[in-house]
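Student: Data file target_10.txt (compact mmCIF, C-alpha atoms and all ligand atoms) is appended below.
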```
# COMPACT_ATOMS: atom_id res chain seq x y z
CA MET H 17 0.00 16.13 17.35
CA THR H 18 1.15 13.89 20.19
CA ALA H 19 -1.63 12.27 22.19
CA ILE H 20 -1.46 13.20 25.88
CA LYS H 21 -1.50 10.16 28.15
CA THR H 22 -3.58 9.98 31.31
CA ILE H 23 -2.80 7.84 34.32
CA GLY H 24 -5.45 6.86 36.84
CA ILE H 25 -4.67 6.97 40.56
CA LEU H 26 -6.81 5.21 43.17
CA GLY H 27 -6.69 7.31 46.34
CA ALA H 28 -6.44 11.04 46.92
CA GLY H 29 -3.80 11.46 49.64
CA GLN H 30 -0.30 12.92 49.54
CA LEU H 31 1.19 9.96 47.67
CA GLY H 32 -1.38 10.39 44.91
CA ARG H 33 -0.56 14.10 44.84
CA MET H 34 3.17 13.46 44.42
CA ILE H 35 2.56 10.79 41.74
CA ALA H 36 0.35 13.29 39.86
CA VAL H 37 2.95 16.06 40.14
CA ALA H 38 5.66 13.73 38.78
CA ALA H 39 3.34 12.79 35.90
CA ALA H 40 2.60 16.47 35.17
CA GLN H 41 6.33 17.17 34.86
CA MET H 42 6.40 14.49 32.16
CA GLY H 43 3.44 15.97 30.26
CA ILE H 44 1.13 13.23 31.52
CA ARG H 45 -2.30 13.91 33.02
CA ALA H 46 -3.69 12.29 36.14
CA HIS H 47 -7.26 11.26 36.93
CA ILE H 48 -7.93 10.60 40.63
CA PHE H 49 -10.59 8.10 41.71
CA ALA H 50 -11.42 8.21 45.43
CA PRO H 51 -14.34 8.54 47.85
CA ASP H 52 -12.69 11.61 49.45
CA ALA H 53 -13.76 15.22 49.16
CA LYS H 54 -12.75 17.44 46.25
CA ASP H 55 -10.20 19.39 48.29
CA SER H 56 -8.19 16.28 49.27
CA PRO H 57 -4.39 16.49 48.65
CA ALA H 58 -4.35 14.75 45.25
CA ALA H 59 -7.71 15.82 43.84
CA GLU H 60 -6.84 19.51 43.97
CA VAL H 61 -3.79 19.20 41.69
CA VAL H 62 -5.11 16.96 38.90
CA HIS H 63 -6.86 17.24 35.56
CA SER H 64 -9.83 15.00 36.50
CA PHE H 65 -11.35 13.68 39.69
CA THR H 66 -14.04 11.04 40.16
CA GLN H 67 -15.54 11.00 43.63
CA ALA H 68 -16.92 7.47 44.08
CA THR H 69 -16.48 4.41 46.24
CA TYR H 70 -14.08 1.62 45.23
CA ASP H 71 -16.97 -0.80 44.65
CA ASP H 72 -18.94 1.50 42.33
CA ALA H 73 -18.72 -0.65 39.17
CA ASP H 74 -20.30 1.93 36.82
CA ALA H 75 -17.95 4.68 37.97
CA LEU H 76 -14.98 2.30 37.64
CA VAL H 77 -15.92 1.41 34.05
CA ALA H 78 -16.16 5.11 33.09
CA PHE H 79 -12.84 5.75 34.87
CA GLY H 80 -11.19 2.76 33.14
CA LYS H 81 -12.24 4.11 29.72
CA SER H 82 -10.63 7.51 30.45
CA ILE H 83 -7.12 6.33 31.39
CA ASP H 84 -4.07 4.61 29.82
CA ALA H 85 -2.76 2.97 33.03
CA VAL H 86 -3.75 2.90 36.69
CA THR H 87 -1.99 2.69 40.04
CA SER H 88 -3.08 2.68 43.65
CA GLU H 89 -1.58 5.04 46.21
CA PHE H 90 -2.60 2.87 49.17
CA GLU H 91 -3.07 -0.82 49.83
CA ASN H 92 -6.58 -0.87 51.19
CA VAL H 93 -8.30 -0.53 47.84
CA PRO H 94 -10.17 -3.85 47.28
CA ALA H 95 -8.21 -6.11 44.91
CA THR H 96 -11.48 -6.58 42.95
CA THR H 97 -11.32 -2.86 42.01
CA LEU H 98 -8.07 -3.55 40.17
CA ASP H 99 -9.66 -6.62 38.55
CA ILE H 100 -12.45 -4.46 37.05
CA LEU H 101 -9.93 -1.89 35.78
CA SER H 102 -7.64 -4.55 34.30
CA ALA H 103 -10.16 -4.98 31.45
CA PHE H 104 -9.24 -1.44 30.30
CA CYS H 105 -5.55 -0.83 31.00
CA PRO H 106 -2.41 -2.11 32.78
CA VAL H 107 -2.86 -2.04 36.58
CA SER H 108 -0.25 -1.34 39.25
CA PRO H 109 0.76 -2.82 41.67
CA GLY H 110 -1.31 -5.81 40.46
CA HIS H 111 -3.87 -8.02 42.18
CA ASP H 112 -1.48 -10.27 44.12
CA ALA H 113 0.68 -7.42 45.45
CA LEU H 114 -2.36 -5.52 46.71
CA HIS H 115 -4.05 -8.59 48.21
CA LEU H 116 -0.91 -9.62 50.06
CA ALA H 117 -0.16 -6.19 51.49
CA GLN H 118 -3.66 -5.88 52.97
CA ASN H 119 -2.96 -8.38 55.72
CA ARG H 120 0.03 -8.59 58.09
CA LEU H 121 -0.34 -12.34 58.54
CA ARG H 122 -0.24 -12.98 54.80
CA GLU H 123 2.85 -10.73 54.46
CA LYS H 124 4.83 -12.38 57.23
CA THR H 125 3.80 -15.87 56.10
CA LEU H 126 5.08 -15.17 52.57
CA ALA H 127 8.31 -13.64 53.87
CA ALA H 128 8.93 -16.70 56.06
CA ARG H 129 8.16 -19.03 53.13
CA LEU H 130 10.77 -17.19 51.04
CA GLY H 131 13.35 -17.78 53.78
CA ILE H 132 13.35 -14.14 54.97
CA GLN H 133 13.73 -13.78 58.75
CA THR H 134 10.67 -12.33 60.54
CA PRO H 135 9.84 -11.73 64.22
CA SER H 136 8.23 -14.86 65.72
CA PHE H 137 4.51 -14.51 65.06
CA TRP H 138 1.18 -16.13 65.94
CA ALA H 139 -2.24 -15.76 64.30
CA VAL H 140 -4.77 -14.76 66.97
CA ARG H 141 -8.53 -15.00 66.42
CA SER H 142 -9.87 -15.30 70.00
CA ALA H 143 -8.94 -14.62 73.64
CA ASP H 144 -8.02 -18.31 74.00
CA GLU H 145 -5.67 -18.17 71.02
CA LEU H 146 -4.10 -15.03 72.48
CA ALA H 147 -3.61 -16.77 75.85
CA SER H 148 -1.87 -19.68 74.13
CA ALA H 149 0.31 -17.35 71.97
CA LEU H 150 1.27 -15.28 75.03
CA SER H 151 2.36 -18.43 76.83
CA GLU H 152 4.75 -19.21 73.93
CA LEU H 153 6.00 -15.63 73.61
CA ASP H 154 9.21 -15.32 75.55
CA GLY H 155 9.24 -11.74 76.82
CA LYS H 156 7.85 -8.66 75.09
CA GLY H 157 5.57 -8.59 72.07
CA LEU H 158 3.28 -6.46 69.97
CA LEU H 159 -0.33 -7.36 69.28
CA LYS H 160 -1.43 -5.83 65.97
CA THR H 161 -4.62 -5.88 63.94
CA THR H 162 -3.89 -7.77 60.72
CA GLU H 163 -5.73 -5.23 58.54
CA GLN H 164 -6.15 -1.46 58.29
CA GLY H 165 -3.53 -0.52 60.91
CA TYR H 166 -0.89 2.05 59.95
CA ASP H 167 1.48 4.51 61.66
CA GLY H 168 1.41 2.45 64.85
CA LYS H 169 -2.42 2.48 65.02
CA GLY H 170 -4.01 -0.82 66.07
CA GLN H 171 -0.94 -1.96 68.05
CA ILE H 172 -0.71 -2.93 71.73
CA HIS H 173 2.46 -3.68 73.70
CA VAL H 174 2.14 -6.98 75.58
CA LYS H 175 4.38 -9.41 77.49
CA THR H 176 4.39 -13.00 78.65
CA GLY H 177 1.99 -13.44 81.58
CA ASP H 178 -0.35 -10.57 80.55
CA ASP H 179 -4.11 -11.07 80.80
CA ALA H 180 -5.30 -12.26 77.37
CA ASP H 181 -8.99 -11.41 77.94
CA SER H 182 -8.49 -7.69 78.51
CA PHE H 183 -6.01 -7.27 75.62
CA TRP H 184 -8.30 -9.20 73.26
CA ARG H 185 -11.10 -6.80 74.20
CA ASP H 186 -8.80 -3.77 73.69
CA ILE H 187 -7.60 -4.79 70.22
CA ASN H 188 -11.25 -5.05 69.17
CA THR H 189 -10.86 -7.07 65.97
CA ASP H 190 -11.64 -10.51 64.51
CA GLU H 191 -8.07 -11.31 63.56
CA ALA H 192 -4.78 -10.13 65.03
CA ILE H 193 -1.11 -11.06 64.89
CA LEU H 194 1.10 -11.35 67.94
CA GLU H 195 4.75 -10.63 67.13
CA SER H 196 7.85 -10.91 69.28
CA PHE H 197 9.30 -7.49 70.06
CA ILE H 198 12.59 -6.96 68.20
CA ASP H 199 15.39 -5.17 70.02
CA PHE H 200 16.77 -3.68 66.81
CA LYS H 201 19.96 -1.78 65.99
CA ALA H 202 18.26 0.20 63.21
CA GLU H 203 15.18 0.35 61.03
CA VAL H 204 15.77 0.26 57.30
CA SER H 205 13.59 0.32 54.20
CA PHE H 206 14.17 -0.90 50.66
CA LEU H 207 12.34 0.15 47.51
CA VAL H 208 12.16 -2.15 44.48
CA TRP H 209 10.79 -1.35 41.04
CA ARG H 210 9.61 -4.02 38.60
CA ASP H 211 8.31 -3.50 35.07
CA THR H 212 6.08 -5.59 32.79
CA LYS H 213 9.09 -7.40 31.35
CA GLY H 214 9.95 -8.58 34.88
CA GLN H 215 13.08 -6.41 35.05
CA THR H 216 13.80 -5.28 38.61
CA GLY H 217 16.02 -2.76 40.33
CA VAL H 218 16.27 -0.90 43.62
CA PHE H 219 16.66 2.58 45.04
CA PRO H 220 19.40 3.17 47.60
CA ALA H 221 18.18 1.90 51.01
CA THR H 222 17.06 4.31 53.74
CA ILE H 223 17.57 4.35 57.53
CA ASN H 224 14.45 5.35 59.44
CA THR H 225 13.58 6.66 62.88
CA HIS H 226 10.03 6.44 64.19
CA LYS H 227 8.35 8.42 66.99
CA ASN H 228 5.11 7.05 68.48
CA GLY H 229 4.93 4.53 65.61
CA ILE H 230 5.05 7.31 62.97
CA LEU H 231 8.02 7.81 60.66
CA ALA H 232 9.97 10.87 61.87
CA THR H 233 13.22 10.90 59.88
CA SER H 234 14.75 9.07 56.92
CA ILE H 235 18.40 9.21 55.84
CA GLY H 236 19.47 7.86 52.47
CA PRO H 237 21.49 6.20 51.11
CA ALA H 238 21.91 3.95 54.18
CA ASP H 239 25.71 3.91 53.78
CA SER H 240 26.34 3.45 57.51
CA LEU H 241 24.99 -0.12 57.30
CA ASN H 242 27.17 -3.10 56.55
CA PRO H 243 27.25 -3.97 52.78
CA SER H 244 26.21 -7.57 53.55
CA THR H 245 23.15 -6.31 55.49
CA LEU H 246 22.19 -4.14 52.52
CA LYS H 247 22.71 -7.00 50.08
CA ASP H 248 20.47 -9.31 52.15
CA GLY H 249 17.77 -6.63 52.30
CA VAL H 250 17.89 -5.99 48.55
CA GLU H 251 17.64 -9.72 47.81
CA ALA H 252 14.69 -10.10 50.19
CA ALA H 253 12.83 -7.12 48.71
CA ILE H 254 13.35 -8.34 45.13
CA ALA H 255 12.23 -11.88 46.08
CA LEU H 256 9.01 -10.41 47.54
CA ALA H 257 8.41 -8.23 44.45
CA GLU H 258 8.77 -11.27 42.22
CA ALA H 259 6.62 -13.50 44.42
CA VAL H 260 3.70 -11.02 44.17
CA ASN H 261 4.27 -10.35 40.45
CA LEU H 262 4.74 -6.64 41.16
CA HIS H 263 4.05 -4.06 38.48
CA GLY H 264 5.35 -0.73 39.81
CA VAL H 265 7.22 -0.06 43.06
CA LEU H 266 7.23 -1.84 46.41
CA ALA H 267 8.72 -0.84 49.76
CA MET H 268 9.92 -3.34 52.36
CA GLU H 269 10.37 -2.14 55.95
CA ALA H 270 12.77 -4.16 58.07
CA PHE H 271 14.68 -4.15 61.33
CA VAL H 272 18.43 -4.61 61.50
CA GLY H 273 19.31 -6.96 64.36
CA HIS H 274 22.42 -6.59 66.49
CA ALA H 275 24.24 -9.20 64.38
CA GLY H 276 23.45 -7.15 61.24
CA GLN H 277 20.65 -9.50 60.14
CA ILE H 278 17.59 -8.25 58.21
CA ILE H 279 14.28 -8.96 59.97
CA PHE H 280 11.18 -8.34 57.83
CA ASN H 281 8.48 -6.05 59.26
CA GLU H 282 6.06 -5.14 56.49
CA LEU H 283 5.67 -4.19 52.87
CA ALA H 284 3.78 -1.56 50.91
CA PRO H 285 3.30 -2.01 47.15
CA ARG H 286 3.49 1.72 46.36
CA PRO H 287 5.74 4.75 46.84
CA HIS H 288 6.74 5.06 50.51
CA ASN H 289 7.18 7.93 52.95
CA SER H 290 10.76 6.84 53.69
CA PHE H 291 11.71 7.49 50.03
CA HIS H 292 10.40 11.04 49.71
CA TRP H 293 14.05 12.17 49.79
CA THR H 294 14.42 10.63 46.30
CA ILE H 295 12.54 13.64 44.83
CA GLU H 296 15.62 15.83 45.35
CA GLY H 297 18.15 13.08 46.07
CA CYS H 298 18.01 10.61 43.17
CA VAL H 299 18.35 11.01 39.42
CA THR H 300 14.83 9.51 39.12
CA SER H 301 12.46 9.88 42.10
CA GLN H 302 10.23 7.07 43.36
CA PHE H 303 7.21 8.89 41.90
CA THR H 304 8.75 9.46 38.47
CA GLN H 305 9.90 5.82 38.37
CA LEU H 306 6.38 4.58 39.07
CA VAL H 307 4.91 6.78 36.30
CA ARG H 308 7.64 5.73 33.85
CA ILE H 309 6.96 2.07 34.51
CA ILE H 310 3.17 2.18 34.30
CA VAL H 311 3.08 4.19 31.07
CA GLY H 312 5.74 1.96 29.50
CA LEU H 313 8.57 4.50 29.28
CA GLY H 314 11.03 2.09 30.91
CA PRO H 315 12.88 2.58 34.19
CA GLY H 316 15.11 5.58 34.93
CA ASP H 317 18.43 5.75 36.80
CA THR H 318 17.73 5.49 40.55
CA SER H 319 21.20 6.36 41.83
CA ALA H 320 21.56 8.98 44.56
CA ARG H 321 23.09 12.41 44.08
CA GLY H 322 24.72 12.72 47.53
CA SER H 323 23.32 11.96 51.01
CA TRP H 324 19.96 13.27 52.15
CA GLN H 325 17.74 13.61 55.17
CA MET H 326 13.96 13.89 55.21
CA ASP H 327 11.91 14.91 58.25
CA ASN H 328 8.17 14.48 58.26
CA LEU H 329 6.20 17.58 59.22
CA LEU H 330 3.27 16.61 61.43
CA GLY H 331 0.55 18.96 62.64
CA GLU H 332 2.58 19.80 65.74
CA ASP H 333 5.71 20.59 63.65
CA LEU H 334 4.24 23.40 61.57
CA HIS H 335 5.76 26.04 63.87
CA ARG H 336 9.07 25.04 62.21
CA LEU H 337 7.96 26.36 58.81
CA PRO H 338 9.27 29.96 59.03
CA ALA H 339 12.75 28.71 60.00
CA LEU H 340 12.68 26.05 57.27
CA TYR H 341 11.69 28.59 54.62
CA ALA H 342 14.41 30.97 55.85
CA ASP H 343 16.98 28.23 55.21
CA GLY H 344 17.60 28.18 51.46
CA GLY H 345 19.06 24.65 51.60
CA LYS H 346 15.81 23.01 52.64
CA ALA H 347 13.15 21.75 50.21
CA VAL H 348 9.77 22.10 51.93
CA HIS H 349 6.81 20.07 50.64
CA LEU H 350 3.28 20.65 51.96
CA TYR H 351 0.36 18.42 51.03
CA GLY H 352 -2.39 21.05 51.02
CA LYS H 353 -4.27 19.64 54.03
CA THR H 354 -6.44 22.30 55.59
CA GLU H 355 -6.78 20.76 59.05
CA ALA H 356 -3.56 20.32 61.06
CA ARG H 357 -3.84 17.70 63.82
CA ASN H 358 -1.19 16.26 66.13
CA GLY H 359 0.31 13.18 64.44
CA ARG H 360 -1.17 14.03 61.03
CA LYS H 361 1.32 14.12 58.15
CA MET H 362 1.09 17.65 56.72
CA GLY H 363 4.29 17.70 54.66
CA HIS H 364 7.98 16.92 54.74
CA VAL H 365 11.32 18.67 54.39
CA THR H 366 14.41 17.34 52.62
CA TRP H 367 17.99 18.57 52.65
CA GLU H 368 21.40 17.42 51.53
CA LEU H 369 23.74 16.32 54.29
CA GLY H 370 27.18 17.95 54.19
P1 LIG H 401 4.31 -1.00 61.73
O1 LIG H 401 2.97 -0.33 61.65
O2 LIG H 401 4.23 -2.49 61.83
O3 LIG H 401 5.26 -0.53 60.68
O4 LIG H 401 4.94 -0.50 63.09
C1 LIG H 401 5.32 0.85 63.31
C2 LIG H 401 6.62 0.89 64.09
O5 LIG H 401 6.46 0.17 65.35
C3 LIG H 401 7.80 0.19 63.42
O6 LIG H 401 8.42 0.99 62.45
C4 LIG H 401 8.68 -0.07 64.62
O7 LIG H 401 9.34 1.10 65.05
C5 LIG H 401 7.68 -0.50 65.67
N1 LIG H 401 7.49 -1.98 65.60
C6 LIG H 401 6.58 -2.64 64.86
N2 LIG H 401 6.70 -3.97 65.01
C7 LIG H 401 7.73 -4.18 65.87
C8 LIG H 401 8.35 -5.35 66.44
N3 LIG H 401 7.92 -6.59 66.17
N4 LIG H 401 9.40 -5.14 67.28
C9 LIG H 401 9.84 -3.89 67.59
N5 LIG H 401 9.28 -2.77 67.11
C10 LIG H 401 8.24 -2.89 66.25
```
Render the structure in this file as structure tokens.
Tutor:
Amino acid sequence: MTAIKTIGILGAGQLGRMIAVAAAQMGIRAHIFAPDAKDSPAAEVVHSFTQATYDDADALVAFGKSIDAVTSEFENVPATTLDILSAFCPVSPGHDALHLAQNRLREKTLAARLGIQTPSFWAVRSADELASALSELDGKGLLKTTEQGYDGKGQIHVKTGDDADSFWRDINTDEAILESFIDFKAEVSFLVWRDTKGQTGVFPATINTHKNGILATSIGPADSLNPSTLKDGVEAAIALAEAVNLHGVLAMEAFVGHAGQIIFNELAPRPHNSFHWTIEGCVTSQFTQLVRIIVGLGPGDTSARGSWQMDNLLGEDLHRLPALYADGGKAVHLYGKTEARNGRKMGHVTWELG
């Protein structure tokens, strides 16, 4: 008899669900650990579910004993949670990768140290610091919380000469980052994998369009971009993965400037929304690759089978479903969320471009 392996997943959202589905297709079970309710997207499709907080040491020990490897589907799990689990099994993405990705200042500081271009940025911890940063900012900028912001949440558009006091009140945080606003030609993302032997590789890059700070559309591979732009992005993403000792997959989001230069925006040490097209579009999807790496099966072939587009389906897009189902060329994915709200990611649709 072959022993069935079980992976642990911290977090119960749609990424956890798609990791679990990829594992199931490989005969591997998934055990979700999250504070969320039992009907959350990932919990409802898996073999086991522990509902507990990420600092519940007893629950983590029991969880650690039940799994062969663990990964985190989002970056805001405390790095100490991974430290507890590392006594039981290999952990992905690893302490350093998680710790770094939890804070925008840390991310941009590392990128700059590695020689990767970033927007100009200033650490802001008071109204006075914001006033001084705004006086150095030449033109438009974005004030962002350093932690917990996503999908454009926790971001305020500012410009030189604006009143620091009122914006500091509005951002309502202890620590923020002011960034220069980049007038970009395109937004692009890169996805690196790295295994325990330190071998790395990439998926084909993706071109992204955002609406209201939320990803709307991804097109991959990003063949319309200059090969030297793509090469620079791949090198930057691999350098970041190595610097944080990544175990698993890591996405780097970047802007492409008008001279074709790569300008780092942020990273996520996990599967990424802009690579959902790899489920249909690549020989090995981002989710399958992550499972292969964490259970020690070795990396798969990440090359693309043609060109693909993915559209996110937000709450307000669900009226498109009948037409999408009527079109046999479209692969519709829904995440099983019962409450549809404007701006909430409910699913996505992928299709091959002619
Ligand atoms: P983020 O949460 O940092 O990924 O920001 C969400 C989206 O806001 C990005 O994908 C961009 O479209 C836009 N954005 C963020 N930072 C900047 C910037 N410094 N300059 C221009 N646009 C930005």
Student: Could you list, as an mmCIF file with C-alpha atoms, keeping the file's coordinate frame, all residues that come within 8 Å of ligand LIG 401 (chain H)? Count all atoms listed in the file.
Tutor:
```cif
data_model
loop_
_atom_site.group_PDB
_atom_site.id
_atom_site.type_symbol
_atom_site.label_atom_id
_atom_site.label_comp_id
_atom_site.auth_asym_id
_atom_site.auth_seq_id
_atom_site.Cartn_x
_atom_site.Cartn_y
_atom_site.Cartn_z
ATOM 1 C CA PRO H 135 9.840 -11.730 64.220
ATOM 2 C CA GLY H 157 5.570 -8.590 72.070
ATOM 3 C CA LEU H 158 3.280 -6.460 69.970
ATOM 4 C CA LYS H 160 -1.430 -5.830 65.970
ATOM 5 C CA GLY H 165 -3.530 -0.520 60.910
ATOM 6 C CA TYR H 166 -0.890 2.050 59.950
ATOM 7 C CA ASP H 167 1.480 4.510 61.660
ATOM 8 C CA GLY H 168 1.410 2.450 64.850
ATOM 9 C CA LYS H 169 -2.420 2.480 65.020
ATOM 10 C CA GLN H 171 -0.940 -1.960 68.050
ATOM 11 C CA GLU H 195 4.750 -10.630 67.130
ATOM 12 C CA SER H 196 7.850 -10.910 69.280
ATOM 13 C CA PHE H 197 9.300 -7.490 70.060
ATOM 14 C CA ILE H 198 12.590 -6.960 68.200
ATOM 15 C CA ASP H 199 15.390 -5.170 70.020
ATOM 16 C CA PHE H 200 16.770 -3.680 66.810
ATOM 17 C CA GLU H 203 15.180 0.350 61.030
ATOM 18 C CA THR H 225 13.580 6.660 62.880
ATOM 19 C CA HIS H 226 10.030 6.440 64.190
ATOM 20 C CA LYS H 227 8.350 8.420 66.990
ATOM 21 C CA ASN H 228 5.110 7.050 68.480
ATOM 22 C CA GLY H 229 4.930 4.530 65.610
ATOM 23 C CA ILE H 230 5.050 7.310 62.970
ATOM 24 C CA LEU H 231 8.020 7.810 60.660
ATOM 25 C CA GLU H 269 10.370 -2.140 55.950
ATOM 26 C CA PHE H 271 14.680 -4.150 61.330
ATOM 27 C CA ASN H 281 8.480 -6.050 59.260
ATOM 28 C CA GLU H 282 6.060 -5.140 56.490
#
```
Student: Which residue gives the smallest distance to Leu283 of chain H among H:Ala117, H:Val218, H:Ala238, H:Ala347, with all atoms listed in the file counted?
Tutor: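 Distance minimum relative to Leu283 of chain H lands on H:Ala117.
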Student: Counting only C-alpha atoms, I want the residues whose atoms come within 7 Å of (-8.2, 9.5, 35.6) in the file frame, returned as a list in words.
Tutor: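 Nearby residues: Thr22, Ile23, Gly24, Ile25, Ala46, His47, Ile48, Phe49, Ser64, Phe65, Phe79, Ser82 and Ile83 of chain H.
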Student: Which residues are close to Gln67 of chain H, i.e. within 8 Å by all atoms listed in the file, leaving aside same-chain residues fewer than 2 positions away? Reply as a CSV table (one decimal) with C-alpha atoms, keeping the file's coordinate frame.
Tutor:
```
chain,number,residue,atom,x,y,z
H,49,PHE,CA,-10.6,8.1,41.7
H,50,ALA,CA,-11.4,8.2,45.4
H,51,PRO,CA,-14.3,8.5,47.8
H,52,ASP,CA,-12.7,11.6,49.4
H,53,ALA,CA,-13.8,15.2,49.2
H,54,LYS,CA,-12.8,17.4,46.2
H,65,PHE,CA,-11.4,13.7,39.7
H,69,THR,CA,-16.5,4.4,46.2
```
Student: Near Ser108 of chain H, within 9 Å and counting all atoms listed in the file, which residues show up once chain neighbours fewer than 5 positions away are dropped, as an MDAnalysis selection string?
Tutor: chainID H and resid 85:88 98 113:114 262:265 285:286 306 310
Student: Work out how far apart atom CA of Leu350 of chain H and atom CA of Phe303 of chain H are and give it in Å to one decimal.
Tutor: 16.0 Å
Student: If you count all atoms listed in the file, which residues fall within 12 Å of Ile278 of chain H, apart from same-chain ones fewer than 4 positions away, as a ChimeraX atom specification?
Tutor: /H:127,131-135,198,200-206,241-253,268-274
Student: Could you write those residues out with C-alpha atoms, as a PDB file, in the coordinates of the input?
Tutor:
```
ATOM      1  CA  ALA H 127       8.310 -13.640  53.870  1.00  0.00           C
ATOM      2  CA  GLY H 131      13.350 -17.780  53.780  1.00  0.00           C
ATOM      3  CA  ILE H 132      13.350 -14.140  54.970  1.00  0.00           C
ATOM      4  CA  GLN H 133      13.730 -13.780  58.750  1.00  0.00           C
ATOM      5  CA  THR H 134      10.670 -12.330  60.540  1.00  0.00           C
ATOM      6  CA  PRO H 135       9.840 -11.730  64.220  1.00  0.00           C
ATOM      7  CA  ILE H 198      12.590  -6.960  68.200  1.00  0.00           C
ATOM      8  CA  PHE H 200      16.770  -3.680  66.810  1.00  0.00           C
ATOM      9  CA  LYS H 201      19.960  -1.780  65.990  1.00  0.00           C
ATOM     10  CA  ALA H 202      18.260   0.200  63.210  1.00  0.00           C
ATOM     11  CA  GLU H 203      15.180   0.350  61.030  1.00  0.00           C
ATOM     12  CA  VAL H 204      15.770   0.260  57.300  1.00  0.00           C
ATOM     13  CA  SER H 205      13.590   0.320  54.200  1.00  0.00           C
ATOM     14  CA  PHE H 206      14.170  -0.900  50.660  1.00  0.00           C
ATOM     15  CA  LEU H 241      24.990  -0.120  57.300  1.00  0.00           C
ATOM     16  CA  ASN H 242      27.170  -3.100  56.550  1.00  0.00           C
ATOM     17  CA  PRO H 243      27.250  -3.970  52.780  1.00  0.00           C
ATOM     18  CA  SER H 244      26.210  -7.570  53.550  1.00  0.00           C
ATOM     19  CA  THR H 245      23.150  -6.310  55.490  1.00  0.00           C
ATOM     20  CA  LEU H 246      22.190  -4.140  52.520  1.00  0.00           C
ATOM     21  CA  LYS H 247      22.710  -7.000  50.080  1.00  0.00           C
ATOM     22  CA  ASP H 248      20.470  -9.310  52.150  1.00  0.00           C
ATOM     23  CA  GLY H 249      17.770  -6.630  52.300  1.00  0.00           C
ATOM     24  CA  VAL H 250      17.890  -5.990  48.550  1.00  0.00           C
ATOM     25  CA  GLU H 251      17.640  -9.720  47.810  1.00  0.00           C
ATOM     26  CA  ALA H 252      14.690 -10.100  50.190  1.00  0.00           C
ATOM     27  CA  ALA H 253      12.830  -7.120  48.710  1.00  0.00           C
ATOM     28  CA  MET H 268       9.920  -3.340  52.360  1.00  0.00           C
ATOM     29  CA  GLU H 269      10.370  -2.140  55.950  1.00  0.00           C
ATOM     30  CA  ALA H 270      12.770  -4.160  58.070  1.00  0.00           C
ATOM     31  CA  PHE H 271      14.680  -4.150  61.330  1.00  0.00           C
ATOM     32  CA  VAL H 272      18.430  -4.610  61.500  1.00  0.00           C
ATOM     33  CA  GLY H 273      19.310  -6.960  64.360  1.00  0.00           C
ATOM     34  CA  HIS H 274      22.420  -6.590  66.490  1.00  0.00           C
TER      35      HIS H 274
END
```
Student: Would you mind reading off the distance between atom CA of Ala232 of chain H and atom CA of Phe137 of chain H, one decimal, in Å?
Tutor: 26.2 Å
Student: Taking 5 positions as the minimum chain separation for residues in the same chain, which residues sit within 9 Å of Phe90 of chain H when counting only C-alpha atoms? Answer as a list of chain:residue names.
Tutor: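 With the cut-off at 9 Å, the set is H:Leu26, H:Gly27, H:Gly29, H:Leu31, H:Gly32, H:Leu114, H:Ala284, H:Pro285, H:Arg286, H:Pro287.
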Student: Between atom CA of Glu355 of chain H and atom CA of Val61 of chain H, what distance in Å does the model show, to one decimal?
Tutor: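 Going from atom CA of Glu355 of chain H over to atom CA of Val61 of chain H covers 17.7 Å.
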